[in-house]
$ cat protein.csv   # CSV, C-alpha atoms
chain,number,residue,atom,x,y,z
G,925,GLY,CA,-37.5,7.8,22.3
G,926,SER,CA,-37.8,4.0,22.3
G,927,SER,CA,-41.3,3.9,20.8
G,928,SER,CA,-40.5,6.3,18.0
G,929,SER,CA,-37.2,4.5,17.3
G,930,ALA,CA,-39.0,1.1,17.3
G,931,SER,CA,-41.5,2.4,14.7
G,932,GLY,CA,-38.7,3.9,12.6
G,933,ALA,CA,-36.9,0.5,12.7
G,934,ALA,CA,-40.1,-1.3,11.8
G,935,ASP,CA,-40.9,0.7,8.7
G,936,GLY,CA,-37.2,0.8,7.6
G,937,MET,CA,-37.0,4.5,7.0
G,938,ILE,CA,-34.4,6.9,8.3
G,939,ALA,CA,-35.7,9.7,10.5
G,940,GLY,CA,-34.7,13.2,9.3
G,941,GLU,CA,-32.9,14.5,6.3
G,942,PRO,CA,-29.6,12.5,5.7
G,943,SER,CA,-27.4,15.6,5.2
G,944,ALA,CA,-28.7,17.1,8.5
G,945,VAL,CA,-28.2,13.8,10.3
G,946,ARG,CA,-24.7,13.5,8.9
G,947,ASP,CA,-23.8,16.9,10.3
G,948,LEU,CA,-25.1,15.9,13.7
G,949,LEU,CA,-23.2,12.6,13.6
G,950,LYS,CA,-20.0,14.5,12.7
G,951,SER,CA,-20.6,16.8,15.7
G,952,ILE,CA,-20.2,13.9,18.1
G,953,ASN,CA,-17.3,12.3,16.2
G,954,GLN,CA,-14.6,15.0,16.1
G,955,PRO,CA,-11.0,13.6,16.5
G,956,GLN,CA,-9.3,14.2,19.9
G,957,SER,CA,-12.4,16.1,21.2
G,958,LEU,CA,-14.0,13.9,23.9
G,959,GLN,CA,-15.5,16.7,25.9
G,960,SER,CA,-17.0,18.5,22.9
G,961,ASN,CA,-18.4,15.3,21.5
G,962,LEU,CA,-19.9,14.4,24.9
G,963,THR,CA,-21.5,17.9,25.1
G,964,ASN,CA,-23.0,17.6,21.6
G,965,LEU,CA,-24.3,14.1,22.3
G,966,GLN,CA,-26.1,15.3,25.5
G,967,SER,CA,-27.5,18.5,23.9
G,968,LYS,CA,-31.2,19.0,23.2
G,969,THR,CA,-30.6,18.5,19.4
G,970,ILE,CA,-29.6,14.9,19.9
G,971,GLY,CA,-30.8,14.0,23.4
G,972,THR,CA,-28.2,11.4,24.6
G,973,THR,CA,-28.3,7.8,23.2
G,974,ALA,CA,-32.1,7.5,23.2
G,975,GLY,CA,-32.3,10.6,20.9
G,976,LEU,CA,-29.4,9.3,18.8
G,977,LEU,CA,-31.2,5.9,18.3
G,978,SER,CA,-34.4,7.8,17.3
G,979,LEU,CA,-32.5,10.0,14.9
G,980,LEU,CA,-31.1,6.9,13.2
G,981,SER,CA,-34.3,4.9,13.3
G,982,SER,CA,-32.7,2.2,15.3
G,983,ASP,CA,-33.9,0.4,18.5
G,984,VAL,CA,-31.9,-0.4,21.6
G,985,ASP,CA,-33.2,-4.0,21.6
G,986,ASP,CA,-34.1,-4.8,17.9
G,987,GLY,CA,-31.5,-2.7,16.0
G,988,ILE,CA,-32.3,-1.6,12.5
G,989,ALA,CA,-34.7,-3.2,10.0
G,990,SER,CA,-32.9,-5.2,7.3
G,991,ALA,CA,-35.1,-3.4,4.7
G,992,SER,CA,-33.4,-0.1,5.4
G,993,VAL,CA,-29.8,-1.3,4.8
G,994,ASP,CA,-29.6,-0.2,1.2
G,995,GLU,CA,-31.1,3.2,2.0
G,996,ARG,CA,-28.6,3.7,4.8
G,997,ARG,CA,-25.7,2.6,2.6
G,998,ARG,CA,-26.7,5.2,0.0
G,999,ALA,CA,-27.2,7.9,2.6
G,1000,TYR,CA,-24.1,7.3,4.9
G,1001,GLY,CA,-21.7,5.3,2.8
G,1002,THR,CA,-20.3,1.7,3.0
G,1003,ASN,CA,-18.0,0.4,5.7
G,1004,TYR,CA,-15.1,0.1,3.3
G,1005,THR,CA,-12.0,2.2,2.8
G,1006,PRO,CA,-10.5,1.7,-0.6
G,1007,SER,CA,-6.8,1.5,-0.9
G,1008,ALA,CA,-4.7,3.8,-3.2
G,1009,PRO,CA,-5.1,2.9,-6.9
G,1010,ARG,CA,-2.6,0.3,-8.1
G,1011,LYS,CA,0.0,1.3,-10.6
G,1012,SER,CA,-0.6,0.4,-14.2
G,1013,PHE,CA,1.6,-2.1,-16.1
G,1014,PHE,CA,3.2,0.7,-18.0
G,1015,GLN,CA,4.1,2.6,-14.8
G,1016,LEU,CA,5.7,-0.5,-13.4
G,1017,PHE,CA,7.6,-1.1,-16.6
G,1018,VAL,CA,9.0,2.5,-16.5
G,1019,ASP,CA,9.8,2.1,-12.8
G,1020,THR,CA,12.1,-0.9,-13.6
G,1021,PHE,CA,14.5,1.6,-15.3
G,1022,ASP,CA,15.1,3.2,-11.9
G,1023,ASP,CA,17.3,0.2,-10.9
G,1024,ALA,CA,21.0,1.1,-10.7
G,1025,THR,CA,22.0,-2.2,-12.4
G,1026,VAL,CA,19.7,-1.5,-15.4
G,1027,GLN,CA,20.9,2.1,-15.8
G,1028,ILE,CA,24.6,1.0,-15.9
G,1029,LEU,CA,23.8,-1.7,-18.5
G,1030,MET,CA,21.8,0.8,-20.6
G,1031,ALA,CA,24.6,3.4,-20.5
G,1032,ALA,CA,27.2,0.6,-21.5
G,1033,ALA,CA,24.8,-0.6,-24.3
G,1034,VAL,CA,24.5,2.9,-25.8
G,1035,VAL,CA,28.3,3.5,-25.7
G,1036,SER,CA,28.9,0.0,-27.2
G,1037,LEU,CA,26.3,0.6,-29.9
G,1038,ALA,CA,27.8,3.9,-30.9
G,1039,ILE,CA,31.4,2.7,-31.0
G,1040,GLY,CA,30.5,-0.6,-32.7
G,1041,ILE,CA,28.7,1.2,-35.5
G,1042,TYR,CA,31.6,3.6,-35.9
G,1043,ASP,CA,34.2,0.9,-35.8
G,1044,ASP,CA,32.3,-1.7,-38.0
G,1045,PRO,CA,29.1,-0.5,-39.6
G,1046,ALA,CA,28.2,-3.9,-40.9
G,1047,THR,CA,28.2,-5.9,-37.6
G,1048,GLY,CA,29.3,-3.5,-34.9
G,1049,TYR,CA,25.8,-2.9,-33.7
G,1050,ILE,CA,25.2,-6.5,-32.6
G,1051,GLU,CA,26.8,-6.3,-29.1
G,1052,GLY,CA,24.9,-3.1,-28.2
G,1053,VAL,CA,21.6,-4.3,-29.5
G,1054,ALA,CA,22.1,-7.6,-27.6
G,1055,ILE,CA,22.7,-5.7,-24.3
G,1056,LEU,CA,19.6,-3.5,-24.9
G,1057,THR,CA,17.5,-6.6,-25.7
G,1058,ALA,CA,18.6,-8.3,-22.5
G,1059,VAL,CA,17.7,-5.1,-20.5
G,1060,PHE,CA,14.2,-4.9,-22.1
G,1061,ILE,CA,13.5,-8.6,-21.4
G,1062,VAL,CA,14.5,-8.1,-17.8
G,1063,ALA,CA,12.3,-4.9,-17.6
G,1064,ILE,CA,9.3,-6.6,-19.1
G,1065,VAL,CA,9.5,-9.8,-17.0
G,1066,THR,CA,10.1,-7.7,-13.8
G,1067,ALA,CA,7.1,-5.5,-14.6
G,1068,ILE,CA,4.9,-8.5,-15.2
G,1069,ASN,CA,6.0,-10.1,-11.9
G,1070,ASP,CA,5.5,-6.8,-10.0
G,1071,TYR,CA,2.0,-6.4,-11.5
G,1072,GLU,CA,1.1,-9.9,-10.4
G,1073,LYS,CA,2.7,-9.4,-7.0
G,1074,GLU,CA,0.7,-6.2,-6.3
G,1075,ARG,CA,-2.6,-7.9,-7.5
G,1076,GLN,CA,-2.0,-10.9,-5.2
G,1077,PHE,CA,-1.0,-8.7,-2.2
G,1078,GLU,CA,-4.2,-6.6,-2.7
G,1079,SER,CA,-6.3,-9.8,-2.7
G,1080,LEU,CA,-4.4,-10.9,0.4
G,1081,SER,CA,-5.2,-7.6,2.1
G,1082,GLU,CA,-8.8,-7.8,1.1
G,1083,GLU,CA,-9.1,-11.3,2.6
G,1084,ASN,CA,-7.4,-10.1,5.8
G,1085,ASP,CA,-9.8,-7.1,6.2
G,1086,ASN,CA,-12.9,-9.0,5.4
G,1087,VAL,CA,-13.8,-10.4,8.9
G,1088,ASP,CA,-17.2,-11.0,10.5
G,1089,SER,CA,-18.8,-9.0,13.2
G,1090,LEU,CA,-21.9,-9.6,15.5
G,1091,VAL,CA,-24.8,-7.2,14.9
G,1092,ILE,CA,-28.4,-7.0,15.9
G,1093,ARG,CA,-31.0,-6.6,13.1
G,1094,ASP,CA,-34.7,-7.1,13.2
G,1095,GLY,CA,-34.2,-8.2,16.8
G,1096,VAL,CA,-32.0,-11.1,15.9
G,1097,SER,CA,-28.2,-11.4,16.6
G,1098,GLN,CA,-26.4,-12.3,13.4
G,1099,GLN,CA,-22.8,-12.5,12.0
G,1100,ILE,CA,-22.2,-10.3,9.0
G,1101,SER,CA,-19.1,-9.1,7.2
G,1102,VAL,CA,-17.8,-5.8,8.6
G,1103,ARG,CA,-18.2,-4.4,5.1
G,1104,ASP,CA,-22.0,-4.8,5.4
G,1105,ILE,CA,-22.3,-2.8,8.6
G,1106,VAL,CA,-24.2,0.5,8.1
G,1107,VAL,CA,-24.9,3.6,10.2
G,1108,GLY,CA,-27.5,2.7,12.8
G,1109,ASP,CA,-26.5,-1.0,13.2
G,1110,LEU,CA,-26.1,-2.3,16.8
G,1111,VAL,CA,-22.6,-3.9,16.9
G,1112,CYS,CA,-21.6,-6.3,19.7
G,1113,ILE,CA,-18.0,-6.4,20.8
G,1114,GLU,CA,-16.0,-8.4,23.3
G,1115,ALA,CA,-12.3,-8.8,24.3
G,1116,GLY,CA,-10.1,-9.4,21.2
G,1117,ASP,CA,-12.4,-7.9,18.7
G,1118,GLN,CA,-11.3,-5.1,16.3
G,1119,ILE,CA,-13.7,-2.1,16.3
G,1120,PRO,CA,-15.2,-2.2,12.8
G,1121,CYS,CA,-16.6,1.4,12.7
G,1122,ASP,CA,-17.1,4.5,14.9
G,1123,GLY,CA,-20.0,4.5,17.3
G,1124,VAL,CA,-21.6,5.3,20.7
G,1125,LEU,CA,-22.0,2.7,23.4
G,1126,LEU,CA,-25.4,1.7,24.5
G,1127,SER,CA,-24.2,-0.9,27.1
G,1128,CYS,CA,-20.9,-2.1,28.4
G,1129,ASP,CA,-19.3,-4.3,31.1
G,1130,GLY,CA,-15.7,-3.5,32.1
G,1131,LEU,CA,-14.9,-2.4,28.5
G,1132,GLU,CA,-11.3,-1.4,27.8
G,1133,LEU,CA,-10.0,-0.3,24.4
G,1134,ASP,CA,-6.5,-0.1,23.0
G,1135,GLU,CA,-6.6,3.2,21.1
G,1136,SER,CA,-2.9,3.4,20.3
G,1137,ALA,CA,-3.5,3.0,16.6
G,1138,LEU,CA,-5.3,6.4,16.6
G,1139,THR,CA,-3.9,8.3,19.5
G,1140,GLY,CA,-0.6,6.8,20.2
G,1141,GLU,CA,-1.6,6.3,23.9
G,1142,PRO,CA,0.0,3.1,25.2
G,1143,ILE,CA,-2.5,2.7,28.1
G,1144,ASP,CA,-5.9,1.0,27.6
G,1145,ILE,CA,-8.8,3.3,27.8
G,1146,ASP,CA,-11.7,2.5,30.2
G,1147,LYS,CA,-15.1,3.1,28.5
G,1148,ASP,CA,-18.4,3.9,30.2
G,1149,LEU,CA,-21.8,5.3,29.2
G,1150,THR,CA,-21.4,8.6,31.2
G,1151,HIS,CA,-17.8,9.9,30.7
G,1152,ASP,CA,-16.6,8.2,27.5
G,1153,PRO,CA,-19.1,6.3,25.5
G,1154,PHE,CA,-17.3,6.7,22.1
G,1155,VAL,CA,-15.7,3.8,20.3
G,1156,LEU,CA,-13.5,4.3,17.3
G,1157,SER,CA,-12.7,2.0,14.3
G,1158,GLY,CA,-9.2,0.7,14.1
G,1159,CYS,CA,-9.0,0.2,17.9
G,1160,THR,CA,-8.9,-3.2,19.7
G,1161,THR,CA,-11.1,-4.4,22.6
G,1162,THR,CA,-8.7,-5.6,25.3
G,1163,ALA,CA,-11.2,-6.4,28.1
G,1164,GLY,CA,-14.9,-6.6,28.8
G,1165,ALA,CA,-17.8,-6.4,26.3
G,1166,GLY,CA,-20.3,-3.9,25.0
G,1167,THR,CA,-22.9,-3.0,22.4
G,1168,PHE,CA,-22.7,0.3,20.4
G,1169,VAL,CA,-24.7,2.0,17.7
G,1170,ALA,CA,-22.7,2.7,14.5
G,1171,THR,CA,-22.4,6.5,13.8
G,1172,ALA,CA,-19.7,6.6,11.1
G,1173,VAL,CA,-18.5,3.9,8.6
G,1174,GLY,CA,-15.8,3.5,6.0
G,1175,LYS,CA,-14.0,6.7,4.9
G,1176,GLU,CA,-16.3,8.8,7.1
G,1177,SER,CA,-14.9,7.1,10.3
G,1178,GLN,CA,-11.8,8.6,12.1
G,1179,TRP,CA,-9.7,5.6,11.0
G,1180,GLY,CA,-10.9,6.0,7.4
G,1181,VAL,CA,-9.9,9.7,7.4
G,1182,ILE,CA,-6.5,8.9,8.7
G,1183,LYS,CA,-6.0,6.0,6.3
G,1184,SER,CA,-6.9,8.2,3.3
G,1185,HIS,CA,-4.1,10.7,4.4
G,1186,LEU,CA,-1.6,7.9,5.0
G,1187,GLU,CA,-1.8,6.5,1.5
G,1188,LYS,CA,1.6,7.1,0.0
G,1189,GLU,CA,4.2,5.8,-2.4
G,1190,GLN,CA,5.4,2.4,-1.3
G,1191,GLU,CA,9.0,2.6,-0.1
G,1192,GLN,CA,11.7,0.2,-1.0
G,1193,THR,CA,12.1,-2.9,1.2
G,1194,PRO,CA,15.5,-3.3,3.1
G,1195,LEU,CA,16.3,-6.2,0.6
G,1196,GLN,CA,15.8,-3.9,-2.4
G,1197,GLU,CA,17.9,-1.2,-0.8
G,1198,LYS,CA,20.7,-3.6,-0.1
G,1199,LEU,CA,20.5,-4.9,-3.7
G,1200,ASP,CA,20.7,-1.4,-5.1
G,1201,ASP,CA,23.8,-0.7,-2.9
G,1202,MET,CA,25.4,-3.9,-4.1
G,1203,ALA,CA,24.6,-3.2,-7.7
G,1204,ALA,CA,26.1,0.3,-7.4
G,1205,MET,CA,29.2,-1.1,-5.7
G,1206,ILE,CA,29.7,-3.7,-8.4
G,1207,GLY,CA,29.2,-1.0,-11.0
G,1208,TYR,CA,31.8,1.2,-9.3
G,1209,VAL,CA,34.3,-1.7,-9.1
G,1210,GLY,CA,33.6,-2.6,-12.8
G,1211,MET,CA,34.1,1.0,-13.9
G,1212,ALA,CA,37.3,1.3,-11.8
G,1213,ALA,CA,38.6,-2.0,-13.5
G,1214,ALA,CA,37.6,-0.7,-16.9
G,1215,LEU,CA,39.4,2.7,-16.3
G,1216,ALA,CA,42.5,0.9,-15.0
G,1217,THR,CA,42.5,-1.4,-18.1
G,1218,PHE,CA,42.1,1.6,-20.5
G,1219,ILE,CA,45.0,3.5,-18.7
G,1220,ALA,CA,47.2,0.4,-18.8
G,1221,MET,CA,46.6,-0.2,-22.5
G,1222,MET,CA,47.2,3.5,-23.4
G,1223,PHE,CA,50.4,3.4,-21.3
G,1224,ILE,CA,51.6,0.4,-23.3
G,1225,LYS,CA,50.8,2.2,-26.6
G,1226,LEU,CA,52.2,5.6,-25.8
G,1227,VAL,CA,55.1,4.8,-23.4
G,1228,VAL,CA,56.2,1.2,-23.9
G,1229,LYS,CA,55.6,1.4,-27.7
G,1230,PRO,CA,56.0,-2.4,-28.5
G,1231,ALA,CA,56.8,-3.3,-32.2
G,1232,TYR,CA,53.5,-5.1,-32.8
G,1233,LEU,CA,51.5,-1.8,-32.2
G,1234,GLU,CA,53.5,0.4,-34.5
G,1235,ASP,CA,51.1,0.1,-37.4
G,1236,VAL,CA,48.0,0.8,-35.2
G,1237,SER,CA,47.0,4.5,-34.9
G,1238,VAL,CA,46.6,6.0,-31.5
G,1239,PHE,CA,42.9,6.7,-32.2
G,1240,ASN,CA,42.0,3.2,-33.3
G,1241,PHE,CA,44.0,1.7,-30.3
G,1242,ALA,CA,42.2,4.1,-27.9
G,1243,LEU,CA,38.8,2.9,-29.5
G,1244,ASP,CA,39.7,-0.7,-28.9
G,1245,ALA,CA,40.8,0.0,-25.4
G,1246,PHE,CA,37.5,1.8,-24.7
G,1247,ILE,CA,35.4,-1.1,-26.1
G,1248,ILE,CA,37.3,-3.5,-23.8
G,1249,GLY,CA,36.6,-1.2,-20.9
G,1250,VAL,CA,32.8,-1.2,-21.7
G,1251,THR,CA,32.9,-5.0,-22.0
G,1252,ILE,CA,34.4,-5.2,-18.5
G,1253,VAL,CA,31.6,-3.1,-17.1
G,1254,VAL,CA,28.9,-5.1,-18.9
G,1255,VAL,CA,30.4,-8.4,-17.7
G,1256,ALA,CA,30.8,-7.1,-14.1
G,1257,VAL,CA,27.2,-6.0,-13.6
G,1258,PRO,CA,24.9,-8.9,-12.9
G,1259,GLU,CA,21.9,-8.1,-15.2
G,1260,GLY,CA,20.0,-11.2,-14.0
G,1261,LEU,CA,20.1,-10.2,-10.3
G,1262,PRO,CA,17.0,-7.9,-10.2
G,1263,LEU,CA,15.1,-10.5,-12.3
G,1264,ALA,CA,16.0,-13.4,-10.0
G,1265,VAL,CA,15.0,-11.5,-6.9
G,1266,THR,CA,11.7,-10.3,-8.5
G,1267,ILE,CA,10.8,-13.9,-9.5
G,1268,SER,CA,11.7,-15.2,-6.0
G,1269,LEU,CA,9.5,-12.5,-4.3
G,1270,ALA,CA,6.6,-13.2,-6.7
G,1271,TYR,CA,6.8,-16.9,-5.9
G,1272,SER,CA,6.9,-16.1,-2.2
G,1273,THR,CA,3.8,-13.9,-2.5
G,1274,LYS,CA,1.9,-16.7,-4.3
G,1275,LYS,CA,2.7,-19.0,-1.5
G,1276,MET,CA,1.5,-16.4,1.1
G,1277,LEU,CA,-1.7,-16.0,-0.9
G,1278,SER,CA,-2.4,-19.7,-0.9
G,1279,ASP,CA,-1.8,-19.8,2.8
G,1280,GLN,CA,-3.8,-16.6,3.4
G,1281,ASN,CA,-0.8,-15.3,5.3
G,1282,LEU,CA,-0.3,-11.6,5.5
$ encode --input "protein.csv" --output "structure tokens"
Amino acid sequence: GSSSSASGAADGMIAGEPSAVRDLLKSINQPQSLQSNLTNLQSKTIGTTAGLLSLLSSDVDDGIASASVDERRRAYGTNYTPSAPRKSFFQLFVDTFDDATVQILMAAAVVSLAIGIYDDPATGYIEGVAILTAVFIVAIVTAINDYEKERQFESLSEENDNVDSLVIRDGVSQQISVRDIVVGDLVCIEAGDQIPCDGVLLSCDGLELDESALTGEPIDIDKDLTHDPFVLSGCTTTAGAGTFVATAVGKESQWGVIKSHLEKEQEQTPLQEKLDDMAAMIGYVGMAAALATFIAMMFIKLVVKPAYLEDVSVFNFALDAFIIGVTIVVVAVPEGLPLAVTISLAYSTKKMLSDQNL
């Protein structure tokens, strides 16, 4: 096993057809199937860790040849799990109209525009157009800030994930980015390290892993070469040290598969939820005040019947009362609130990015 693996590492070629090797690697990396994985690893097809190293053209002492890295990356993928695609500027712009404050203002603007044009065709449209213009300015600025905020947060996440790991290549220990790890690499881990990819242990000394991120188990798992030699990406080394050969990277790893299924629509933050509740409450209070004003004015016209209103028709008076009600709603709703919060959050994200604080 070691002589053939050494020669494979030396000439930089991968032993066996990549698709067949991929199937064999999957057979020893099934989720929540320790016994099955162990049986497949010890089968004649693979032949324990010595056979696995030979299959991957790696060496227990020298690791892989640097010349084979590109070929391995093409055959087995990169150690990188892409995040969900970001929303476009247009999508973010449309999303701003989901805000309760903006919706109340738009409804008030449309009513104001219709009544204004009916009441005074020459200049009655001004108030409605002014409200709509303010809403669109808020929407555009909010979308720009959200777009920048997402871009900065993505850069921050990339920076956070891009850490170095110790590997052995060409017989030399070297620090490389976890994204440069390929199948067949010998990866060295010690207490405190995050496991960068899935693999099978070649040596270990009192190694314990926290696998709660994958399994939910709160107890640290003891690893050994006989009963449980498998290490999984996304887990953390809590004690001991070890060296393992990488068998699955990126989206082919168990953590990569889980992450691809976990990608979902970002939920609102508690702050955004509270702001929505407050905006809705202000809107309800404003509408209640507007309704009370309309009823009071109509009561004065129809019941009290003061002398100064005798020449005003009921319809025109009702129209004036309705316009006053709409004005109360517009004044009550703070259209600058979502914008102020968005700008504050964007500024905070910029500060976090400069501090590289996630």
$ closest_atom_pairs --input "protein.csv" --of "range 1062-1145 of chain G" --to "range 1158-1175 of chain G" --cutoff "10 Å" --atoms "all atoms listed in the file" --output "tab-separated table"
residue	atom	partner	partner_atom	distance
G:Leu1090	CA	G:Thr1167	CA	9.6
G:Val1091	CA	G:Thr1167	CA	8.8
G:Ile1092	CA	G:Thr1167	CA	9.4
G:Val1102	CA	G:Val1173	CA	9.7
G:Arg1103	CA	G:Gly1174	CA	8.3
G:Asp1104	CA	G:Val1173	CA	9.9
G:Ile1105	CA	G:Val1173	CA	7.7
G:Val1106	CA	G:Val1173	CA	6.7
G:Val1107	CA	G:Ala1170	CA	4.9
G:Gly1108	CA	G:Ala1170	CA	5.1
G:Asp1109	CA	G:Ala1170	CA	5.5
G:Leu1110	CA	G:Val1169	CA	4.6
G:Val1111	CA	G:Phe1168	CA	5.5
G:Cys1112	CA	G:Thr1167	CA	4.5
G:Ile1113	CA	G:Gly1166	CA	5.4
G:Glu1114	CA	G:Ala1165	CA	4.0
G:Ala1115	CA	G:Ala1163	CA	4.6
G:Gly1116	CA	G:Thr1161	CA	5.3
G:Asp1117	CA	G:Thr1161	CA	5.4
G:Gln1118	CA	G:Thr1160	CA	4.6
G:Ile1119	CA	G:Cys1159	CA	5.5
G:Pro1120	CA	G:Gly1158	CA	6.8
G:Cys1121	CA	G:Val1173	CA	5.2
G:Asp1122	CA	G:Ala1172	CA	5.1
G:Gly1123	CA	G:Ala1170	CA	4.3
G:Val1124	CA	G:Phe1168	CA	5.1
G:Leu1125	CA	G:Phe1168	CA	3.9
G:Leu1126	CA	G:Phe1168	CA	5.1
G:Ser1127	CA	G:Thr1167	CA	5.3
G:Cys1128	CA	G:Gly1166	CA	3.9
G:Asp1129	CA	G:Ala1165	CA	5.4
G:Gly1130	CA	G:Gly1164	CA	4.6
G:Leu1131	CA	G:Gly1164	CA	4.2
G:Glu1132	CA	G:Ala1163	CA	5.0
G:Leu1133	CA	G:Thr1161	CA	4.6
G:Asp1134	CA	G:Thr1160	CA	5.1
G:Glu1135	CA	G:Cys1159	CA	5.0
G:Ser1136	CA	G:Cys1159	CA	7.3
G:Ala1137	CA	G:Cys1159	CA	6.3
G:Leu1138	CA	G:Cys1159	CA	7.3
G:Thr1139	CA	G:Cys1159	CA	9.7
G:Asp1144	CA	G:Thr1162	CA	7.5
G:Ile1145	CA	G:Thr1162	CA	9.2
$ write_last_selection --input "protein.csv" --atoms "C-alpha atoms" --output "mmCIF file, keeping the file's coordinate frame"
data_model
loop_
_atom_site.group_PDB
_atom_site.id
_atom_site.type_symbol
_atom_site.label_atom_id
_atom_site.label_comp_id
_atom_site.auth_asym_id
_atom_site.auth_seq_id
_atom_site.Cartn_x
_atom_site.Cartn_y
_atom_site.Cartn_z
ATOM 1 C CA LEU G 1090 -21.900 -9.600 15.500
ATOM 2 C CA VAL G 1091 -24.800 -7.200 14.900
ATOM 3 C CA ILE G 1092 -28.400 -7.000 15.900
ATOM 4 C CA VAL G 1102 -17.800 -5.800 8.600
ATOM 5 C CA ARG G 1103 -18.200 -4.400 5.100
ATOM 6 C CA ASP G 1104 -22.000 -4.800 5.400
ATOM 7 C CA ILE G 1105 -22.300 -2.800 8.600
ATOM 8 C CA VAL G 1106 -24.200 0.500 8.100
ATOM 9 C CA VAL G 1107 -24.900 3.600 10.200
ATOM 10 C CA GLY G 1108 -27.500 2.700 12.800
ATOM 11 C CA ASP G 1109 -26.500 -1.000 13.200
ATOM 12 C CA LEU G 1110 -26.100 -2.300 16.800
ATOM 13 C CA VAL G 1111 -22.600 -3.900 16.900
ATOM 14 C CA CYS G 1112 -21.600 -6.300 19.700
ATOM 15 C CA ILE G 1113 -18.000 -6.400 20.800
ATOM 16 C CA GLU G 1114 -16.000 -8.400 23.300
ATOM 17 C CA ALA G 1115 -12.300 -8.800 24.300
ATOM 18 C CA GLY G 1116 -10.100 -9.400 21.200
ATOM 19 C CA ASP G 1117 -12.400 -7.900 18.700
ATOM 20 C CA GLN G 1118 -11.300 -5.100 16.300
ATOM 21 C CA ILE G 1119 -13.700 -2.100 16.300
ATOM 22 C CA PRO G 1120 -15.200 -2.200 12.800
ATOM 23 C CA CYS G 1121 -16.600 1.400 12.700
ATOM 24 C CA ASP G 1122 -17.100 4.500 14.900
ATOM 25 C CA GLY G 1123 -20.000 4.500 17.300
ATOM 26 C CA VAL G 1124 -21.600 5.300 20.700
ATOM 27 C CA LEU G 1125 -22.000 2.700 23.400
ATOM 28 C CA LEU G 1126 -25.400 1.700 24.500
ATOM 29 C CA SER G 1127 -24.200 -0.900 27.100
ATOM 30 C CA CYS G 1128 -20.900 -2.100 28.400
ATOM 31 C CA ASP G 1129 -19.300 -4.300 31.100
ATOM 32 C CA GLY G 1130 -15.700 -3.500 32.100
ATOM 33 C CA LEU G 1131 -14.900 -2.400 28.500
ATOM 34 C CA GLU G 1132 -11.300 -1.400 27.800
ATOM 35 C CA LEU G 1133 -10.000 -0.300 24.400
ATOM 36 C CA ASP G 1134 -6.500 -0.100 23.000
ATOM 37 C CA GLU G 1135 -6.600 3.200 21.100
ATOM 38 C CA SER G 1136 -2.900 3.400 20.300
ATOM 39 C CA ALA G 1137 -3.500 3.000 16.600
ATOM 40 C CA LEU G 1138 -5.300 6.400 16.600
ATOM 41 C CA THR G 1139 -3.900 8.300 19.500
ATOM 42 C CA ASP G 1144 -5.900 1.000 27.600
ATOM 43 C CA ILE G 1145 -8.800 3.300 27.800
#
$ closest_residue --input "protein.csv" --among "G:Leu977, G:Ile1206, G:Ala1032, G:Val1155" --to "Val1059 in chain G" --atoms "all atoms listed in the file"
G:Ala1032
$ residues_near_point --input "protein.csv" --point "(-12.4, 8.8, 8.5)" --cutoff "12 Å" --atoms "only C-alpha atoms" --output "PyMOL selection string"
chain G and resi 950+953-955+1001-1006+1121-1122+1138+1156-1158+1171-1186
$ write_last_selection --input "protein.csv" --atoms "C-alpha atoms" --output "PDB file, in the frame of the given file"
ATOM      1  CA  LYS G 950     -20.000  14.500  12.700  1.00  0.00           C
ATOM      2  CA  ASN G 953     -17.300  12.300  16.200  1.00  0.00           C
ATOM      3  CA  GLN G 954     -14.600  15.000  16.100  1.00  0.00           C
ATOM      4  CA  PRO G 955     -11.000  13.600  16.500  1.00  0.00           C
ATOM      5  CA  GLY G1001     -21.700   5.300   2.800  1.00  0.00           C
ATOM      6  CA  THR G1002     -20.300   1.700   3.000  1.00  0.00           C
ATOM      7  CA  ASN G1003     -18.000   0.400   5.700  1.00  0.00           C
ATOM      8  CA  TYR G1004     -15.100   0.100   3.300  1.00  0.00           C
ATOM      9  CA  THR G1005     -12.000   2.200   2.800  1.00  0.00           C
ATOM     10  CA  PRO G1006     -10.500   1.700  -0.600  1.00  0.00           C
ATOM     11  CA  CYS G1121     -16.600   1.400  12.700  1.00  0.00           C
ATOM     12  CA  ASP G1122     -17.100   4.500  14.900  1.00  0.00           C
ATOM     13  CA  LEU G1138      -5.300   6.400  16.600  1.00  0.00           C
ATOM     14  CA  LEU G1156     -13.500   4.300  17.300  1.00  0.00           C
ATOM     15  CA  SER G1157     -12.700   2.000  14.300  1.00  0.00           C
ATOM     16  CA  GLY G1158      -9.200   0.700  14.100  1.00  0.00           C
ATOM     17  CA  THR G1171     -22.400   6.500  13.800  1.00  0.00           C
ATOM     18  CA  ALA G1172     -19.700   6.600  11.100  1.00  0.00           C
ATOM     19  CA  VAL G1173     -18.500   3.900   8.600  1.00  0.00           C
ATOM     20  CA  GLY G1174     -15.800   3.500   6.000  1.00  0.00           C
ATOM     21  CA  LYS G1175     -14.000   6.700   4.900  1.00  0.00           C
ATOM     22  CA  GLU G1176     -16.300   8.800   7.100  1.00  0.00           C
ATOM     23  CA  SER G1177     -14.900   7.100  10.300  1.00  0.00           C
ATOM     24  CA  GLN G1178     -11.800   8.600  12.100  1.00  0.00           C
ATOM     25  CA  TRP G1179      -9.700   5.600  11.000  1.00  0.00           C
ATOM     26  CA  GLY G1180     -10.900   6.000   7.400  1.00  0.00           C
ATOM     27  CA  VAL G1181      -9.900   9.700   7.400  1.00  0.00           C
ATOM     28  CA  ILE G1182      -6.500   8.900   8.700  1.00  0.00           C
ATOM     29  CA  LYS G1183      -6.000   6.000   6.300  1.00  0.00           C
ATOM     30  CA  SER G1184      -6.900   8.200   3.300  1.00  0.00           C
ATOM     31  CA  HIS G1185      -4.100  10.700   4.400  1.00  0.00           C
ATOM     32  CA  LEU G1186      -1.600   7.900   5.000  1.00  0.00           C
TER      33      LEU G1186
END
